[in-house]
Amino acid sequence: MQQERGRISGPNPESEEVRLLARIAAGDRLAFEALYRTYFSRLSRFIGRMARNAALIEEVVNDTMLVVWQKAATFDGSCKVSTWIFAIAYRKTLKGLKASDDPVESDASLYEDDSGNQPEQTMNRQQLQQTVAEALDQLPAAQRAVMVLAYYHDMAYSDIAEVVDCPLNTVKTRMFHARHRLKDLLWNERESSR
(Lines give C-alpha, C1' and ligand atoms only; values in the text may rest on other atoms or scores of the structure.)
Protein backbone atom coordinates (compact mmCIF):
# COMPACT_ATOMS: atom_id res chain seq x y z
CA MET A 1 0.00 0.00 0.00
CA GLN A 2 1.38 3.39 -0.96
CA GLN A 3 0.27 6.67 0.52
CA GLU A 4 0.13 9.83 -1.60
CA ARG A 5 -1.01 13.05 0.03
CA GLY A 6 -3.14 11.11 2.52
CA ARG A 7 -4.85 9.00 -0.14
CA ILE A 8 -4.45 5.32 -0.72
CA SER A 9 -3.01 4.65 -4.14
CA GLY A 10 -2.26 1.52 -6.05
CA PRO A 11 -4.11 -0.87 -8.31
CA ASN A 12 -7.49 -0.61 -6.56
CA PRO A 13 -7.81 1.87 -3.70
CA GLU A 14 -11.42 0.80 -3.06
CA SER A 15 -10.49 -2.82 -2.36
CA GLU A 16 -7.66 -1.63 -0.11
CA GLU A 17 -10.15 0.50 1.83
CA VAL A 18 -12.45 -2.52 2.21
CA ARG A 19 -9.50 -4.51 3.58
CA LEU A 20 -8.69 -1.67 5.98
CA LEU A 21 -12.29 -1.65 7.22
CA ALA A 22 -12.13 -5.40 7.85
CA ARG A 23 -8.94 -4.90 9.84
CA ILE A 24 -10.52 -2.01 11.74
CA ALA A 25 -13.50 -4.23 12.59
CA ALA A 26 -10.96 -6.63 14.13
CA GLY A 27 -9.55 -3.79 16.25
CA ASP A 28 -6.44 -2.95 14.17
CA ARG A 29 -5.42 0.57 15.19
CA LEU A 30 -2.80 0.86 12.44
CA ALA A 31 -5.46 0.20 9.82
CA PHE A 32 -7.63 2.85 11.44
CA GLU A 33 -4.74 5.34 11.37
CA ALA A 34 -4.20 4.63 7.67
CA LEU A 35 -7.88 5.16 6.87
CA TYR A 36 -7.99 8.27 9.06
CA ARG A 37 -5.01 9.77 7.19
CA THR A 38 -6.68 8.92 3.89
CA TYR A 39 -9.95 10.65 4.76
CA PHE A 40 -8.96 13.47 7.10
CA SER A 41 -8.32 16.16 4.47
CA ARG A 42 -11.18 15.02 2.21
CA LEU A 43 -13.67 15.11 5.08
CA SER A 44 -12.29 18.41 6.35
CA ARG A 45 -12.82 20.03 2.94
CA PHE A 46 -16.32 18.55 2.58
CA ILE A 47 -17.45 19.54 6.07
CA GLY A 48 -15.69 22.91 5.77
CA ARG A 49 -17.66 23.80 2.69
CA MET A 50 -20.84 23.11 4.60
CA ALA A 51 -19.99 24.41 8.07
CA ARG A 52 -17.22 27.07 7.84
CA ASN A 53 -16.49 26.66 11.55
CA ALA A 54 -13.05 25.25 12.40
CA ALA A 55 -14.11 23.78 15.74
CA LEU A 56 -17.18 22.13 14.20
CA ILE A 57 -15.14 20.77 11.28
CA GLU A 58 -12.65 19.13 13.62
CA GLU A 59 -15.42 17.79 15.85
CA VAL A 60 -17.39 16.32 12.93
CA VAL A 61 -14.30 14.71 11.37
CA ASN A 62 -13.44 13.10 14.70
CA ASP A 63 -17.04 12.05 15.35
CA THR A 64 -17.26 10.58 11.86
CA MET A 65 -14.08 8.58 12.24
CA LEU A 66 -15.18 7.41 15.70
CA VAL A 67 -18.31 5.97 14.08
CA VAL A 68 -16.10 4.32 11.44
CA TRP A 69 -14.03 2.76 14.23
CA GLN A 70 -17.10 1.60 16.14
CA LYS A 71 -19.20 0.46 13.16
CA ALA A 72 -16.59 -0.90 10.73
CA ALA A 73 -18.03 -4.39 11.11
CA THR A 74 -21.42 -3.15 9.89
CA PHE A 75 -20.07 -2.07 6.49
CA ASP A 76 -21.81 -4.48 4.10
CA GLY A 77 -20.18 -3.53 0.80
CA SER A 78 -23.45 -2.32 -0.76
CA CYS A 79 -21.73 0.99 -1.55
CA LYS A 80 -18.21 2.36 -1.79
CA VAL A 81 -16.29 2.88 1.43
CA SER A 82 -16.04 6.58 0.58
CA THR A 83 -19.82 6.80 0.14
CA TRP A 84 -20.35 5.14 3.53
CA ILE A 85 -17.90 7.47 5.29
CA PHE A 86 -19.19 10.63 3.58
CA ALA A 87 -22.77 9.66 4.50
CA ILE A 88 -21.74 9.46 8.15
CA ALA A 89 -19.98 12.83 7.85
CA TYR A 90 -22.99 14.41 6.14
CA ARG A 91 -25.36 13.32 8.92
CA LYS A 92 -22.91 14.42 11.62
CA THR A 93 -22.47 17.80 9.89
CA LEU A 94 -26.21 18.42 9.67
CA LYS A 95 -26.58 17.50 13.33
CA GLY A 96 -23.70 19.83 14.22
CA LEU A 97 -25.15 22.69 12.18
CA LYS A 98 -28.51 22.32 13.89
CA ALA A 99 -26.86 22.44 17.32
CA SER A 100 -24.63 25.40 16.39
CA ASP A 101 -25.83 28.98 16.38
CA ASP A 102 -22.63 30.24 14.78
CA PRO A 103 -23.05 32.31 11.61
CA VAL A 104 -21.78 30.77 8.39
CA GLU A 105 -18.78 32.58 6.99
CA SER A 106 -16.50 31.97 4.05
CA ASP A 107 -12.84 31.18 4.46
CA ALA A 108 -10.87 31.93 1.31
CA SER A 109 -7.86 30.04 2.69
CA LEU A 110 -9.76 26.79 2.10
CA TYR A 111 -9.56 27.49 -1.62
CA GLU A 112 -6.02 28.77 -1.94
CA ASP A 113 -3.91 27.29 -4.67
CA ASP A 114 -0.16 27.51 -4.30
CA SER A 115 0.62 27.09 -7.99
CA GLY A 116 3.25 29.38 -9.42
CA ASN A 117 0.93 31.80 -11.25
CA GLN A 118 1.45 35.51 -11.45
CA PRO A 119 0.17 37.54 -8.47
CA GLU A 120 -2.63 39.16 -10.49
CA GLN A 121 -3.87 35.79 -11.78
CA THR A 122 -3.66 34.33 -8.30
CA MET A 123 -5.60 37.25 -6.85
CA ASN A 124 -8.28 37.01 -9.56
CA ARG A 125 -8.63 33.26 -9.00
CA GLN A 126 -8.88 33.74 -5.23
CA GLN A 127 -11.52 36.44 -5.68
CA LEU A 128 -13.51 34.14 -7.96
CA GLN A 129 -13.19 31.27 -5.51
CA GLN A 130 -14.31 33.57 -2.68
CA THR A 131 -17.31 34.72 -4.74
CA VAL A 132 -18.29 31.12 -5.53
CA ALA A 133 -17.83 30.12 -1.87
CA GLU A 134 -20.07 32.99 -0.74
CA ALA A 135 -22.69 31.98 -3.30
CA LEU A 136 -22.50 28.35 -2.13
CA ASP A 137 -23.01 29.57 1.44
CA GLN A 138 -26.34 31.05 0.40
CA LEU A 139 -27.69 27.72 -0.83
CA PRO A 140 -29.77 25.55 1.49
CA ALA A 141 -27.64 22.84 3.15
CA ALA A 142 -29.17 20.04 1.05
CA GLN A 143 -28.36 21.81 -2.23
CA ARG A 144 -24.92 22.87 -1.01
CA ALA A 145 -24.11 19.26 -0.07
CA VAL A 146 -24.90 17.86 -3.52
CA MET A 147 -22.89 20.61 -5.20
CA VAL A 148 -19.87 20.06 -2.96
CA LEU A 149 -19.97 16.27 -3.32
CA ALA A 150 -20.33 16.47 -7.10
CA TYR A 151 -17.88 19.24 -7.92
CA TYR A 152 -15.33 19.14 -5.11
CA HIS A 153 -15.32 15.38 -4.42
CA ASP A 154 -16.17 14.12 -7.91
CA MET A 155 -18.94 11.80 -6.70
CA ALA A 156 -21.52 10.29 -9.02
CA TYR A 157 -25.15 11.19 -8.41
CA SER A 158 -25.88 7.63 -7.29
CA ASP A 159 -23.16 7.89 -4.62
CA ILE A 160 -24.44 11.31 -3.56
CA ALA A 161 -27.93 9.83 -3.18
CA GLU A 162 -26.51 7.29 -0.74
CA VAL A 163 -24.51 9.91 1.16
CA VAL A 164 -27.46 12.25 1.67
CA ASP A 165 -29.92 9.36 2.01
CA CYS A 166 -32.42 10.36 -0.64
CA PRO A 167 -33.60 9.06 -4.03
CA LEU A 168 -31.45 9.67 -7.09
CA ASN A 169 -34.11 11.92 -8.64
CA THR A 170 -34.05 14.10 -5.51
CA VAL A 171 -30.30 14.57 -5.96
CA LYS A 172 -30.89 15.57 -9.58
CA THR A 173 -33.60 18.00 -8.53
CA ARG A 174 -31.42 19.54 -5.82
CA MET A 175 -28.58 19.88 -8.30
CA PHE A 176 -30.88 21.52 -10.86
CA HIS A 177 -32.14 24.08 -8.34
CA ALA A 178 -28.67 24.65 -6.89
CA ARG A 179 -27.20 25.36 -10.33
CA HIS A 180 -29.94 27.83 -11.17
CA ARG A 181 -29.68 29.52 -7.79
CA LEU A 182 -25.87 29.74 -8.11
CA LYS A 183 -26.19 31.15 -11.63
CA ASP A 184 -28.54 33.85 -10.35
CA LEU A 185 -26.35 34.64 -7.34
CA LEU A 186 -23.19 34.84 -9.43
CA TRP A 187 -24.91 36.94 -12.11
CA ASN A 188 -26.18 39.37 -9.46
CA GLU A 189 -22.68 39.57 -7.94
CA ARG A 190 -21.19 40.26 -11.36
CA GLU A 191 -23.71 42.98 -12.11
CA SER A 192 -23.27 44.65 -8.73
CA SER A 193 -19.47 44.72 -9.10
CA ARG A 194 -19.64 46.60 -12.42
# chains A, B, ... in the order shown; residues from 1 in each chain; ligands from 1

call {"tool": "residues_around", "arguments": {"residues": "Lys95 (chain A)", "least_positions_apart": "5", "cutoff": "12 Å", "atoms": "only C-alpha atoms", "output": "list in words"}}
result
Ile47, Met50, Ala51, Leu56, Glu59, Val60, Asp63, Thr64, Ile88, Ala89, Tyr90, Ser100, Asp101 and Ala141 of chain A

call {"tool": "residues_around", "arguments": {"residues": "Gln138 (chain A)", "least_positions_apart": "3", "cutoff": "9 Å", "atoms": "only C-alpha atoms", "output": "VMD selection string"}}
result
chain A and resid 133 to 135 141 144 181 to 182 185

call {"tool": "write_last_selection", "arguments": {"atoms": "N, CA, C and O atoms", "output": "PDB file, in the first residue's frame"}}
result
ATOM      1  N   ALA A 133     -17.620  30.633  -3.233  1.00  0.00           N
ATOM      2  CA  ALA A 133     -17.827  30.123  -1.866  1.00  0.00           C
ATOM      3  C   ALA A 133     -18.962  30.878  -1.178  1.00  0.00           C
ATOM      4  O   ALA A 133     -19.802  30.273  -0.502  1.00  0.00           O
ATOM      5  N   GLU A 134     -18.999  32.195  -1.355  1.00  0.00           N
ATOM      6  CA  GLU A 134     -20.071  32.989  -0.744  1.00  0.00           C
ATOM      7  C   GLU A 134     -21.426  32.635  -1.355  1.00  0.00           C
ATOM      8  O   GLU A 134     -22.435  32.582  -0.655  1.00  0.00           O
ATOM      9  N   ALA A 135     -21.445  32.385  -2.654  1.00  0.00           N
ATOM     10  CA  ALA A 135     -22.693  31.978  -3.302  1.00  0.00           C
ATOM     11  C   ALA A 135     -23.121  30.597  -2.803  1.00  0.00           C
ATOM     12  O   ALA A 135     -24.306  30.377  -2.523  1.00  0.00           O
ATOM     13  N   ALA A 141     -28.631  23.886   2.854  1.00  0.00           N
ATOM     14  CA  ALA A 141     -27.640  22.844   3.151  1.00  0.00           C
ATOM     15  C   ALA A 141     -27.763  21.637   2.219  1.00  0.00           C
ATOM     16  O   ALA A 141     -26.756  21.086   1.770  1.00  0.00           O
ATOM     17  N   ARG A 144     -26.357  22.654  -1.149  1.00  0.00           N
ATOM     18  CA  ARG A 144     -24.921  22.872  -1.014  1.00  0.00           C
ATOM     19  C   ARG A 144     -24.196  21.523  -0.931  1.00  0.00           C
ATOM     20  O   ARG A 144     -23.155  21.340  -1.557  1.00  0.00           O
ATOM     21  N   ARG A 181     -29.844  28.542  -8.866  1.00  0.00           N
ATOM     22  CA  ARG A 181     -29.677  29.524  -7.792  1.00  0.00           C
ATOM     23  C   ARG A 181     -28.264  30.111  -7.827  1.00  0.00           C
ATOM     24  O   ARG A 181     -28.088  31.324  -7.701  1.00  0.00           O
ATOM     25  N   LEU A 182     -27.253  29.258  -8.024  1.00  0.00           N
ATOM     26  CA  LEU A 182     -25.874  29.743  -8.112  1.00  0.00           C
ATOM     27  C   LEU A 182     -25.701  30.681  -9.304  1.00  0.00           C
ATOM     28  O   LEU A 182     -25.032  31.717  -9.197  1.00  0.00           O
ATOM     29  N   LEU A 185     -27.174  33.962  -8.347  1.00  0.00           N
ATOM     30  CA  LEU A 185     -26.349  34.636  -7.344  1.00  0.00           C
ATOM     31  C   LEU A 185     -25.068  35.190  -7.966  1.00  0.00           C
ATOM     32  O   LEU A 185     -24.673  36.329  -7.687  1.00  0.00           O
TER      33      LEU A 185
END

call {"tool": "closest_residue", "arguments": {"among": "A:Asn124, A:Thr38, A:Asn53, A:Thr131", "to": "Ile85 (chain A)", "atoms": "only C-alpha atoms"}}
result
A:Thr38

call {"tool": "closest_residue", "arguments": {"among": "A:Arg174, A:Ser78, A:Thr83, A:Arg42", "to": "Ala156 (chain A)", "atoms": "only C-alpha atoms"}}
result
A:Thr83

call {"tool": "atom_distance", "arguments": {"atom1": "CA of Asp184 (chain A)", "atom2": "CA of Ala150 (chain A)"}}
result
19.5 Å
